[in-house]
Structure formats: structure tokens, C-alpha cells
Amino acid sequence: MNIRHNENLKKQEWNGSPAHIISEFAQLLQFHIAINFDNELPGLIRAVQRSGRPIKSICSVITPDTIDELGVS
């Protein structure tokens, strides 16, 4: 998803879109990057999958099992 939003932003910049349009695409990209790290940001709607389940953020997925290893579930 982030790659698609980044490509859309690049396309708008390359096409010479007005600054307010580029700003909207940049804010959308920032939103999607932010929810990847924390999907429970105050003041923002939680991102959900098509099934309606919330998207797991990186912070809630990566957990240390021991000091020597890192588990991703």
C-alpha cells in the first residue's frame, strides 16, 4: 500500500500538479506509514482490513523472545 501511495505522489510531482494536491498525497502517504508503526494513534481512525479486522502495526507484531533473538508473529 505504501509503495502505491509513494508512486502516486511521485506521479503528481512529475506531472507538475499544484502544491495543494501534492500536499494531500504527501499527507496520505504519511498517514499510511504512521499506521504501519502504530495503528492506535490518537485522533486518527484505525485502519482495517477488508474483513473489518484492524491492521496489525509493526509495534504490535515484533516482540523479543529472548535477548539473542527477535520473533515476528
# chains A, B, ... in the order shown; residues from 1 in each chain; ligands from 1

$ residues_around --residues "segment 29-43 of chain A" --least-positions-apart "3" --cutoff "9 Å" --atoms "only C-alpha atoms" --output "MDAnalysis selection string"
chainID A and resid 1:3 5:6 9 24:26 46:47 54:60

$ write_last_selection --atoms "N, CA, C and O atoms" --output "PDB file, in the first residue's frame"
ATOM      1  N   MET A   1       0.825  -1.187   0.000  1.00  0.00           N
ATOM      2  CA  MET A   1       0.000   0.000   0.000  1.00  0.00           C
ATOM      3  C   MET A   1       0.875   1.259   0.000  1.00  0.00           C
ATOM      4  O   MET A   1       0.594   2.187  -0.731  1.00  0.00           O
ATOM      5  N   ASN A   2       1.917   1.253   0.822  1.00  0.00           N
ATOM      6  CA  ASN A   2       2.785   2.433   0.891  1.00  0.00           C
ATOM      7  C   ASN A   2       3.488   2.684  -0.433  1.00  0.00           C
ATOM      8  O   ASN A   2       3.685   3.836  -0.818  1.00  0.00           O
ATOM      9  N   ILE A   3       3.862   1.615  -1.106  1.00  0.00           N
ATOM     10  CA  ILE A   3       4.547   1.769  -2.389  1.00  0.00           C
ATOM     11  C   ILE A   3       3.616   2.434  -3.398  1.00  0.00           C
ATOM     12  O   ILE A   3       4.022   3.336  -4.140  1.00  0.00           O
ATOM     13  N   HIS A   5       1.061   4.438  -2.778  1.00  0.00           N
ATOM     14  CA  HIS A   5       0.868   5.848  -2.418  1.00  0.00           C
ATOM     15  C   HIS A   5       2.114   6.672  -2.740  1.00  0.00           C
ATOM     16  O   HIS A   5       2.013   7.820  -3.165  1.00  0.00           O
ATOM     17  N   ASN A   6       3.290   6.081  -2.559  1.00  0.00           N
ATOM     18  CA  ASN A   6       4.524   6.775  -2.900  1.00  0.00           C
ATOM     19  C   ASN A   6       4.611   7.005  -4.410  1.00  0.00           C
ATOM     20  O   ASN A   6       5.010   8.081  -4.864  1.00  0.00           O
ATOM     21  N   LEU A   9       2.335   9.828  -5.371  1.00  0.00           N
ATOM     22  CA  LEU A   9       2.938  11.113  -5.013  1.00  0.00           C
ATOM     23  C   LEU A   9       3.995  11.505  -6.043  1.00  0.00           C
ATOM     24  O   LEU A   9       4.019  12.648  -6.513  1.00  0.00           O
ATOM     25  N   GLU A  24      -1.689  16.954  -0.337  1.00  0.00           N
ATOM     26  CA  GLU A  24      -2.694  15.942   0.033  1.00  0.00           C
ATOM     27  C   GLU A  24      -2.136  14.532  -0.144  1.00  0.00           C
ATOM     28  O   GLU A  24      -2.324  13.665   0.710  1.00  0.00           O
ATOM     29  N   PHE A  25      -1.444  14.297  -1.264  1.00  0.00           N
ATOM     30  CA  PHE A  25      -0.852  12.983  -1.499  1.00  0.00           C
ATOM     31  C   PHE A  25       0.244  12.695  -0.479  1.00  0.00           C
ATOM     32  O   PHE A  25       0.384  11.558  -0.013  1.00  0.00           O
ATOM     33  N   ALA A  26       1.031  13.698  -0.100  1.00  0.00           N
ATOM     34  CA  ALA A  26       2.081  13.528   0.891  1.00  0.00           C
ATOM     35  C   ALA A  26       1.480  13.200   2.263  1.00  0.00           C
ATOM     36  O   ALA A  26       1.991  12.332   2.981  1.00  0.00           O
ATOM     37  N   ARG A  46      -8.710   4.020  13.091  1.00  0.00           N
ATOM     38  CA  ARG A  46      -7.899   2.811  12.937  1.00  0.00           C
ATOM     39  C   ARG A  46      -8.082   2.249  11.536  1.00  0.00           C
ATOM     40  O   ARG A  46      -9.189   2.141  11.028  1.00  0.00           O
ATOM     41  N   ALA A  47      -6.983   1.873  10.919  1.00  0.00           N
ATOM     42  CA  ALA A  47      -7.032   1.234   9.605  1.00  0.00           C
ATOM     43  C   ALA A  47      -7.472  -0.207   9.786  1.00  0.00           C
ATOM     44  O   ALA A  47      -7.061  -0.886  10.724  1.00  0.00           O
ATOM     45  N   PRO A  54      -8.745  -4.915  12.491  1.00  0.00           N
ATOM     46  CA  PRO A  54      -7.728  -3.860  12.449  1.00  0.00           C
ATOM     47  C   PRO A  54      -6.412  -4.382  11.890  1.00  0.00           C
ATOM     48  O   PRO A  54      -6.056  -5.533  12.089  1.00  0.00           O
ATOM     49  N   ILE A  55      -5.701  -3.523  11.194  1.00  0.00           N
ATOM     50  CA  ILE A  55      -4.386  -3.863  10.672  1.00  0.00           C
ATOM     51  C   ILE A  55      -3.409  -3.878  11.837  1.00  0.00           C
ATOM     52  O   ILE A  55      -3.397  -2.965  12.654  1.00  0.00           O
ATOM     53  N   LYS A  56      -2.594  -4.931  11.912  1.00  0.00           N
ATOM     54  CA  LYS A  56      -1.586  -5.002  12.968  1.00  0.00           C
ATOM     55  C   LYS A  56      -0.450  -4.067  12.621  1.00  0.00           C
ATOM     56  O   LYS A  56       0.021  -4.033  11.496  1.00  0.00           O
ATOM     57  N   SER A  57      -0.017  -3.308  13.588  1.00  0.00           N
ATOM     58  CA  SER A  57       1.104  -2.402  13.375  1.00  0.00           C
ATOM     59  C   SER A  57       2.402  -3.126  13.667  1.00  0.00           C
ATOM     60  O   SER A  57       2.420  -4.184  14.291  1.00  0.00           O
ATOM     61  N   ILE A  58       3.499  -2.573  13.196  1.00  0.00           N
ATOM     62  CA  ILE A  58       4.801  -3.177  13.422  1.00  0.00           C
ATOM     63  C   ILE A  58       5.072  -3.318  14.911  1.00  0.00           C
ATOM     64  O   ILE A  58       5.581  -4.332  15.360  1.00  0.00           O
ATOM     65  N   CYS A  59       4.688  -2.326  15.684  1.00  0.00           N
ATOM     66  CA  CYS A  59       4.946  -2.359  17.134  1.00  0.00           C
ATOM     67  C   CYS A  59       4.220  -3.505  17.804  1.00  0.00           C
ATOM     68  O   CYS A  59       4.704  -4.079  18.771  1.00  0.00           O
ATOM     69  N   SER A  60       3.041  -3.867  17.307  1.00  0.00           N
ATOM     70  CA  SER A  60       2.277  -4.937  17.943  1.00  0.00           C
ATOM     71  C   SER A  60       2.645  -6.299  17.381  1.00  0.00           C
ATOM     72  O   SER A  60       2.217  -7.309  17.902  1.00  0.00           O
TER      73      SER A  60
END
